[in-house]
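Text of the file my_file_38.cif, holding mmCIF, C-alpha atoms and all ligand atoms:
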```cif
data_target
loop_
_atom_site.label_atom_id
_atom_site.label_comp_id
_atom_site.auth_asym_id
_atom_site.auth_seq_id
_atom_site.Cartn_x
_atom_site.Cartn_y
_atom_site.Cartn_z
CA MET A 1304 0.00 0.00 0.00
CA LEU A 1305 2.79 2.33 1.07
CA GLY A 1306 4.71 1.37 -2.10
CA ALA A 1307 1.73 2.17 -4.29
CA THR A 1308 1.26 5.53 -2.57
CA PHE A 1309 4.92 6.36 -3.06
CA ALA A 1310 4.79 5.37 -6.74
CA ALA A 1311 1.78 7.63 -7.25
CA PHE A 1312 3.54 10.42 -5.37
CA SER A 1313 6.69 10.15 -7.53
CA ALA A 1314 4.56 10.21 -10.66
CA ILE A 1315 2.91 13.42 -9.46
CA VAL A 1316 6.28 14.94 -8.57
CA ALA A 1317 7.60 13.98 -12.02
CA VAL A 1318 4.73 15.75 -13.74
CA GLY A 1319 4.51 18.61 -11.26
CA LEU A 1320 8.11 19.63 -11.58
CA GLY A 1321 7.60 20.28 -15.29
CA LEU A 1322 11.27 19.52 -15.77
CA PRO A 1323 12.89 21.78 -18.36
CA GLU A 1324 13.72 19.14 -20.93
CA SER A 1325 16.07 21.33 -22.89
CA ALA A 1326 18.08 22.63 -19.94
CA ARG A 1327 21.50 21.05 -19.96
CA PRO A 1328 23.23 20.19 -16.71
CA GLY A 1329 26.23 22.41 -16.20
CA ALA A 1330 24.82 25.26 -18.28
CA ASP A 1331 25.14 27.67 -15.34
CA MET A 1332 28.69 26.61 -14.72
CA ARG A 1333 29.59 27.12 -18.36
CA GLU A 1334 28.00 30.53 -18.37
CA SER A 1335 29.86 31.78 -15.32
CA ALA A 1336 33.08 30.27 -16.71
CA SER A 1337 32.68 32.19 -19.96
CA ARG A 1338 32.06 35.40 -18.01
CA ARG A 1339 35.30 34.83 -16.14
CA LEU A 1340 37.14 34.26 -19.42
CA ALA A 1341 35.88 37.57 -20.78
CA VAL A 1342 37.31 39.37 -17.74
CA ASP A 1343 40.60 37.50 -18.06
CA ALA A 1344 40.98 38.44 -21.70
CA ARG A 1345 41.17 42.09 -20.68
CA THR A 1346 44.26 41.52 -18.57
CA SER A 1347 47.74 40.65 -19.81
CA ARG A 1348 48.04 37.83 -17.34
CA GLY A 1349 44.65 36.49 -18.42
CA PHE A 1350 45.81 33.55 -20.45
CA ALA A 1351 48.24 32.16 -17.90
CA ALA A 1352 45.65 32.54 -15.17
CA ARG A 1353 43.05 30.85 -17.32
CA ASP A 1354 45.32 27.88 -18.05
CA ARG A 1355 46.17 27.54 -14.39
CA ARG A 1356 42.51 27.67 -13.44
CA ALA A 1357 41.56 25.07 -16.10
CA ASP A 1358 44.19 22.70 -14.68
CA ASP A 1359 42.94 23.31 -11.14
CA GLU A 1360 39.37 22.69 -12.21
CA LYS A 1361 40.29 19.45 -13.97
CA THR A 1362 42.11 18.15 -10.90
CA ARG A 1363 39.30 19.24 -8.61
CA SER A 1364 36.60 17.61 -10.73
CA ARG A 1365 38.55 14.36 -10.88
CA ARG A 1366 38.89 14.39 -7.11
CA THR A 1367 35.36 15.43 -6.27
CA ALA A 1368 33.20 14.12 -9.16
CA PRO A 1369 29.80 13.72 -7.48
CA PRO A 1370 28.06 10.34 -7.72
CA LEU A 1371 25.90 9.65 -10.77
CA ARG A 1372 22.72 10.22 -8.77
CA ARG A 1373 23.66 13.85 -8.01
CA ARG A 1374 25.09 14.78 -11.39
CA TYR A 1375 21.86 13.68 -13.04
CA ALA A 1376 19.53 15.12 -10.44
CA ARG A 1377 16.86 15.60 -13.10
CA VAL A 1378 16.37 11.86 -13.41
CA ILE A 1379 13.53 10.74 -11.19
CA TRP A 1380 14.85 7.38 -10.17
CA ARG A 1381 12.24 4.71 -9.60
CA ASP A 1382 12.52 1.12 -8.50
CA SER A 1383 11.64 -0.16 -11.98
CA GLN A 1384 10.73 -3.72 -12.78
CA ALA A 1385 11.00 -5.57 -16.10
CA VAL A 1386 8.08 -7.94 -16.60
CA GLY A 1387 8.01 -10.85 -19.07
CA ARG A 1388 10.33 -10.92 -22.06
CA PRO A 1389 11.78 -8.15 -24.24
CA SER A 1390 9.53 -9.31 -27.10
CA ALA A 1391 6.42 -9.85 -24.94
CA GLY A 1392 6.54 -7.89 -21.75
CA ALA A 1393 5.78 -4.77 -19.74
CA LEU A 1394 7.55 -2.21 -17.58
CA LEU A 1395 6.56 -1.32 -14.02
CA ARG A 1396 7.61 2.03 -12.50
CA GLY A 1397 9.68 2.95 -15.57
CA THR A 1398 12.47 5.52 -15.19
CA LYS A 1399 12.62 8.30 -17.80
CA LEU A 1400 15.81 9.29 -19.59
CA PRO A 1401 16.04 13.12 -19.81
CA ALA A 1402 15.80 14.59 -23.31
CA GLU A 1403 19.52 15.32 -23.24
CA GLY A 1404 22.49 15.63 -20.95
CA ARG A 1405 26.06 16.77 -21.02
CA HIS A 1406 27.15 13.58 -22.79
CA PHE A 1407 24.06 12.34 -24.66
CA PHE A 1408 20.96 13.41 -26.52
CA GLY A 1409 17.78 11.56 -27.40
CA TRP A 1410 17.17 10.75 -31.07
CA ASP A 1411 13.80 9.97 -32.66
CA PRO A 1412 14.51 7.43 -35.42
CA GLU A 1413 11.12 7.84 -37.08
CA GLN A 1414 11.21 11.60 -37.51
CA ARG A 1415 15.01 11.70 -37.59
CA ARG A 1416 15.32 14.50 -35.10
CA SER A 1417 16.20 15.43 -31.57
CA PRO A 1418 14.78 15.59 -28.97
CA SER A 1419 13.05 12.27 -28.94
CA PRO A 1420 9.48 12.32 -27.60
CA VAL A 1421 9.11 11.53 -23.90
CA TRP A 1422 7.11 8.34 -24.51
CA ARG A 1423 10.07 6.70 -26.30
CA ARG A 1424 12.44 7.20 -23.36
CA TYR A 1425 11.42 4.87 -20.53
CA ALA A 1426 13.42 1.92 -19.19
CA THR A 1427 14.39 0.18 -15.99
CA ASP A 1428 16.46 2.36 -13.65
CA ARG A 1429 19.26 -0.17 -14.16
CA LEU A 1430 19.40 0.41 -17.92
CA ILE A 1431 19.22 4.21 -17.52
CA ARG A 1432 22.14 4.02 -15.11
CA VAL A 1433 24.18 1.92 -17.58
CA VAL A 1434 23.48 4.35 -20.45
CA LEU A 1435 24.43 7.43 -18.39
CA ARG A 1436 27.56 5.79 -17.03
CA VAL A 1437 28.76 4.60 -20.46
CA ALA A 1438 27.99 8.03 -22.00
CA ASP A 1439 30.01 9.66 -19.24
CA GLU A 1440 32.99 7.31 -19.52
CA PHE A 1441 32.93 7.42 -23.33
CA ALA A 1442 33.07 11.23 -23.28
CA ARG A 1443 35.92 11.25 -20.79
CA ALA A 1444 37.93 8.76 -22.88
CA ASN A 1445 37.12 10.49 -26.20
CA PRO A 1446 36.99 14.24 -25.60
CA VAL A 1447 36.53 15.03 -29.30
CA ALA A 1448 33.66 12.58 -29.81
CA PRO A 1449 30.11 13.88 -30.29
CA ARG A 1450 27.53 13.25 -27.57
CA LEU A 1451 25.91 9.81 -27.65
CA ALA A 1452 22.73 9.60 -29.72
CA VAL A 1453 20.34 7.54 -27.62
CA GLY A 1454 17.43 6.14 -29.61
CA ASP A 1455 14.37 4.19 -28.50
CA LEU A 1456 14.16 2.62 -25.07
CA SER A 1457 10.66 1.43 -24.07
CA ARG A 1458 7.25 3.03 -23.73
CA PRO A 1459 6.23 4.33 -20.27
CA ARG A 1460 4.56 1.06 -19.36
CA GLY A 1461 6.39 -1.08 -21.89
CA GLY A 1462 4.47 -3.38 -24.20
CA HIS A 1463 4.43 -3.41 -28.00
CA PHE A 1464 6.62 -0.68 -29.50
CA GLY A 1465 5.44 -0.27 -33.07
CA ALA A 1466 5.98 2.60 -35.46
CA ARG A 1467 3.81 5.63 -34.81
CA TYR A 1468 4.25 7.35 -38.16
CA SER A 1469 4.20 4.43 -40.59
CA SER A 1470 2.90 0.90 -40.87
CA ARG A 1471 6.32 -0.71 -41.10
CA PRO A 1472 7.45 -2.77 -38.11
CA LEU A 1473 9.77 -0.87 -35.81
CA HIS A 1474 10.81 -2.99 -32.84
CA ALA A 1475 10.17 -6.65 -32.11
CA SER A 1476 11.58 -6.14 -28.61
CA HIS A 1477 12.00 -2.98 -26.48
CA GLN A 1478 8.99 -4.11 -24.45
CA ASN A 1479 10.20 -4.43 -20.84
CA GLY A 1480 12.75 -1.68 -20.26
CA LEU A 1481 15.88 -3.74 -20.92
CA ASP A 1482 16.61 -2.65 -24.52
CA VAL A 1483 18.14 0.53 -25.92
CA ASP A 1484 19.33 1.63 -29.35
CA ILE A 1485 22.47 3.76 -29.50
CA TYR A 1486 23.47 5.33 -32.81
CA TYR A 1487 27.06 4.93 -33.88
CA PRO A 1488 29.10 8.14 -33.60
CA ARG A 1489 29.48 9.83 -36.98
CA ARG A 1490 32.82 10.47 -38.67
CA ASP A 1491 31.82 14.09 -39.27
CA ARG A 1492 30.98 14.45 -35.53
CA ARG A 1493 27.51 15.77 -36.29
CA GLU A 1494 24.92 15.09 -33.62
CA LYS A 1495 22.51 13.01 -35.64
CA ALA A 1496 22.08 9.36 -36.54
CA PRO A 1497 24.25 8.03 -39.37
CA ARG A 1498 22.37 6.78 -42.42
CA ALA A 1499 24.94 4.31 -43.74
CA VAL A 1500 28.01 2.40 -42.62
CA GLY A 1501 30.19 4.91 -44.47
CA ASP A 1502 29.00 7.66 -42.09
CA ILE A 1503 30.21 5.96 -38.92
CA ASP A 1504 33.43 6.39 -36.99
CA VAL A 1505 34.48 2.75 -36.65
CA GLY A 1506 37.05 3.36 -33.88
CA LEU A 1507 34.61 5.26 -31.66
CA SER A 1508 31.83 2.76 -32.43
CA GLN A 1509 34.01 -0.19 -31.42
CA ASP A 1510 34.94 1.64 -28.22
CA LEU A 1511 31.23 1.99 -27.46
CA VAL A 1512 30.56 -1.70 -28.12
CA ASP A 1513 33.42 -2.63 -25.77
CA ARG A 1514 32.10 -0.33 -23.06
CA PHE A 1515 28.60 -1.81 -23.14
CA VAL A 1516 30.07 -5.32 -23.02
CA ARG A 1517 32.11 -4.32 -19.96
CA ALA A 1518 29.02 -2.73 -18.43
CA GLY A 1519 27.46 -6.20 -18.38
CA ALA A 1520 25.20 -6.24 -21.47
CA GLN A 1521 23.65 -9.61 -22.19
CA TYR A 1522 23.70 -8.81 -25.92
CA VAL A 1523 25.03 -6.07 -28.15
CA PHE A 1524 23.60 -6.32 -31.67
CA VAL A 1525 25.67 -4.71 -34.42
CA GLY A 1526 25.17 -4.42 -38.17
CA PRO A 1527 26.38 -7.18 -40.53
CA ASN A 1528 28.02 -4.58 -42.79
CA THR A 1529 30.05 -3.02 -39.98
CA PRO A 1530 33.44 -4.42 -38.92
CA LEU A 1531 32.40 -4.25 -35.24
CA THR A 1532 33.25 -7.27 -33.11
CA GLY A 1533 33.23 -8.54 -29.54
CA PRO A 1534 32.93 -11.65 -27.40
CA ARG A 1535 31.06 -14.38 -29.29
CA GLY A 1536 27.60 -14.90 -27.82
CA ILE A 1537 27.36 -11.30 -26.61
CA VAL A 1538 28.18 -9.17 -29.65
CA GLN A 1539 26.03 -10.49 -32.48
CA SER A 1540 25.56 -9.43 -36.05
CA VAL A 1541 21.88 -8.73 -36.75
CA PRO A 1542 20.33 -7.22 -39.93
CA ARG A 1543 19.11 -3.59 -39.76
CA HIS A 1544 21.76 -2.56 -37.22
CA ASP A 1545 24.15 -0.85 -39.64
CA ASN A 1546 23.51 2.59 -38.17
CA HIS A 1547 22.96 1.73 -34.52
CA LEU A 1548 23.85 -0.82 -31.90
CA HIS A 1549 21.22 -2.41 -29.72
CA VAL A 1550 22.05 -3.16 -26.09
CA ARG A 1551 20.05 -5.63 -24.04
CA LEU A 1552 20.48 -6.21 -20.33
CA ALA A 1553 19.76 -9.61 -18.81
CA PRO A 1554 16.62 -9.70 -16.66
CA GLY A 1555 16.75 -10.05 -12.90
CA ARG A 1556 20.25 -8.78 -12.16
CA PRO A 1557 20.69 -6.07 -9.52
ZN ZN A 1601 16.68 -1.97 -30.90
#
```
Show the structure stored in the file as structure tokens.
Amino acid sequence: MLGATFAAFSAIVAVGLGLPESARPGADMRESASRRLAVDARTSRGFAARDRRADDEKTRSRRTAPPLRRRYARVIWRDSQAVGRPSAGALLRGTKLPAEGRHFFGWDPEQRRSPSPVWRRYATDRLIRVVLRVADEFARANPVAPRLAVGDLSRPRGGHFGARYSSRPLHASHQNGLDVDIYYPRRDRREKAPRAVGDIDVGLSQDLVDRFVRAGAQYVFVGPNTPLTGPRGIVQSVPRHDNHLHVRLAPGRP
């Protein structure tokens, strides 16, 4: 009873907050940093001071990086539960991925644009955590890489995830909050989904595959026309994955 009340309460809070979907975490920090730079530029010692301060800030952020939960305070974490199978299932107390963050943005594959509609962005809290963590680590390891393009997760309560804007089949799975599509980073660094294998940065894409494998994915599906590889049984070549990889988590793990 108490659980149900709490779930209802969190749902109300989620709606009531009217979270600014487009606000990026860190925007304030960036703004005040750029103000400081403008002041520095007016002094002859500006550049040296700026370099010193950048080094200090890097060291400080390494030492005091807040836990994931605080950095992504806009995520309303819920004790989500995957029900049934990815191809015939449902999602209880789904957790919503924000429209974008410092290291990722949502991508709508049907309308080929960002942001992705809210209803395409629900998953188990466990999968959201994996996506945010991998996006974070990927950005740190590849500072010149574009942000991760995160495609479809599951619907708010899971279930069949068909195409909304056409009659063609979209997803056979993505039904219980354990599946996510991630678009391969583009060679031209643009923040949009690649259309063909020739658009993708193979090195960055392989790095992503490796990171999701290390994060404990049960499967990572990649396109048959890409050279992407990984441990047999986990990384599998599946048709229609030449512009994105599909990560599935195993059910029932903490
Ligand atoms: Zn998929």
Can you pull out every residue with an atom within 9 Å of ligand ZN 1601 (chain A)? Use all atoms listed in the file and format it as a PDB file with C-alpha atoms, in the frame of the given file.
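Below is the file that was written, out-v5.pdb:
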```pdb
ATOM      1  CA  GLY A1454      17.430   6.140 -29.610  1.00  0.00           C
ATOM      2  CA  ASP A1455      14.370   4.190 -28.500  1.00  0.00           C
ATOM      3  CA  LEU A1456      14.160   2.620 -25.070  1.00  0.00           C
ATOM      4  CA  LEU A1473       9.770  -0.870 -35.810  1.00  0.00           C
ATOM      5  CA  HIS A1474      10.810  -2.990 -32.840  1.00  0.00           C
ATOM      6  CA  ALA A1475      10.170  -6.650 -32.110  1.00  0.00           C
ATOM      7  CA  SER A1476      11.580  -6.140 -28.610  1.00  0.00           C
ATOM      8  CA  HIS A1477      12.000  -2.980 -26.480  1.00  0.00           C
ATOM      9  CA  ASP A1482      16.610  -2.650 -24.520  1.00  0.00           C
ATOM     10  CA  VAL A1483      18.140   0.530 -25.920  1.00  0.00           C
ATOM     11  CA  ASP A1484      19.330   1.630 -29.350  1.00  0.00           C
ATOM     12  CA  ILE A1485      22.470   3.760 -29.500  1.00  0.00           C
ATOM     13  CA  PHE A1524      23.600  -6.320 -31.670  1.00  0.00           C
ATOM     14  CA  HIS A1544      21.760  -2.560 -37.220  1.00  0.00           C
ATOM     15  CA  HIS A1547      22.960   1.730 -34.520  1.00  0.00           C
ATOM     16  CA  LEU A1548      23.850  -0.820 -31.900  1.00  0.00           C
ATOM     17  CA  HIS A1549      21.220  -2.410 -29.720  1.00  0.00           C
ATOM     18  CA  VAL A1550      22.050  -3.160 -26.090  1.00  0.00           C
ATOM     19  CA  ARG A1551      20.050  -5.630 -24.040  1.00  0.00           C
TER      20      ARG A1551
END
```
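The shortest atom-to-atom distance to Pro1488 of chain A, with only C-alpha atoms taken into account, belongs to A:Pro1449 out of A:Pro1527, A:Pro1449, A:Gly1555, A:Pro1412.
For the set A:Leu1435, A:Ala1466, A:Ala1402, A:Leu1507, the residue with the smallest atom-to-atom gap to Val1447 of chain A is A:Leu1507, counting all atoms listed in the file.
Pairwise distance (atom CA of Arg1396 of chain A, atom CA of Arg1377 of chain A) equals 16.4 Å.
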Taking (23.2, -12.9, -19.5) in the file's coordinates, which residues come within 10 Å, counting only C-alpha atoms, written as a ChimeraX atom specification?
-> /A:1519-1522,1536-1537,1551-1556
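Nearest residue to Val1525 of chain A among A:Asn1546, A:Gly1506, A:Glu1440, A:Arg1493 is A:Asn1546, counting all atoms listed in the file.
Here atom CA of Ala1448 of chain A is placed at a distance of 17.8 Å from atom CA of Ser1417 of chain A.
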Incomplete segment 1450-1470 of chain A brought to N, CA and C atoms, written out as a compact mmCIF listing (two decimals), in the frame of the given file:
```
# COMPACT_ATOMS: atom_id res chain seq x y z
N ARG A 1450 28.34 13.87 -28.62
CA ARG A 1450 27.53 13.25 -27.57
C ARG A 1450 26.87 11.98 -28.11
N LEU A 1451 26.55 11.05 -27.21
CA LEU A 1451 25.91 9.81 -27.65
C LEU A 1451 24.48 10.06 -28.10
N ALA A 1452 24.12 9.50 -29.24
CA ALA A 1452 22.73 9.60 -29.72
C ALA A 1452 21.96 8.39 -29.21
N VAL A 1453 21.10 8.64 -28.22
CA VAL A 1453 20.34 7.54 -27.62
C VAL A 1453 18.97 7.46 -28.29
N GLY A 1454 18.70 6.33 -28.91
CA GLY A 1454 17.43 6.14 -29.61
C GLY A 1454 16.36 5.56 -28.70
N ASP A 1455 15.52 4.70 -29.26
CA ASP A 1455 14.37 4.19 -28.50
C ASP A 1455 14.78 3.30 -27.33
N LEU A 1456 14.04 3.51 -26.23
CA LEU A 1456 14.16 2.62 -25.07
C LEU A 1456 12.86 1.80 -25.06
N SER A 1457 11.98 2.07 -24.09
CA SER A 1457 10.66 1.43 -24.07
C SER A 1457 9.61 2.49 -23.85
N ARG A 1458 8.34 2.10 -24.01
CA ARG A 1458 7.25 3.03 -23.73
C ARG A 1458 7.06 3.13 -22.21
N PRO A 1459 6.34 4.13 -21.72
CA PRO A 1459 6.23 4.33 -20.27
C PRO A 1459 5.82 3.09 -19.49
N ARG A 1460 4.93 2.30 -20.05
CA ARG A 1460 4.56 1.06 -19.36
C ARG A 1460 4.99 -0.17 -20.16
N GLY A 1461 5.90 0.03 -21.08
CA GLY A 1461 6.39 -1.08 -21.89
C GLY A 1461 5.35 -1.55 -22.89
N GLY A 1462 5.41 -2.82 -23.23
CA GLY A 1462 4.47 -3.38 -24.20
C GLY A 1462 4.94 -3.13 -25.63
N HIS A 1463 4.08 -3.48 -26.58
CA HIS A 1463 4.43 -3.41 -28.00
C HIS A 1463 4.91 -2.00 -28.39
N PHE A 1464 6.04 -1.96 -29.09
CA PHE A 1464 6.62 -0.68 -29.50
C PHE A 1464 6.65 -0.65 -31.02
N GLY A 1465 5.51 -0.31 -31.61
CA GLY A 1465 5.44 -0.27 -33.07
C GLY A 1465 5.76 1.12 -33.56
N ALA A 1466 5.74 1.28 -34.88
CA ALA A 1466 5.98 2.60 -35.46
C ALA A 1466 4.74 3.46 -35.26
N ARG A 1467 4.95 4.74 -34.96
CA ARG A 1467 3.81 5.63 -34.81
C ARG A 1467 3.45 6.31 -36.13
N TYR A 1468 4.48 6.53 -36.96
CA TYR A 1468 4.25 7.35 -38.16
C TYR A 1468 4.21 6.56 -39.45
N SER A 1469 4.31 5.22 -39.37
CA SER A 1469 4.20 4.43 -40.59
C SER A 1469 3.72 3.04 -40.19
N SER A 1470 3.43 2.22 -41.19
CA SER A 1470 2.90 0.90 -40.87
C SER A 1470 4.02 -0.14 -40.81
```
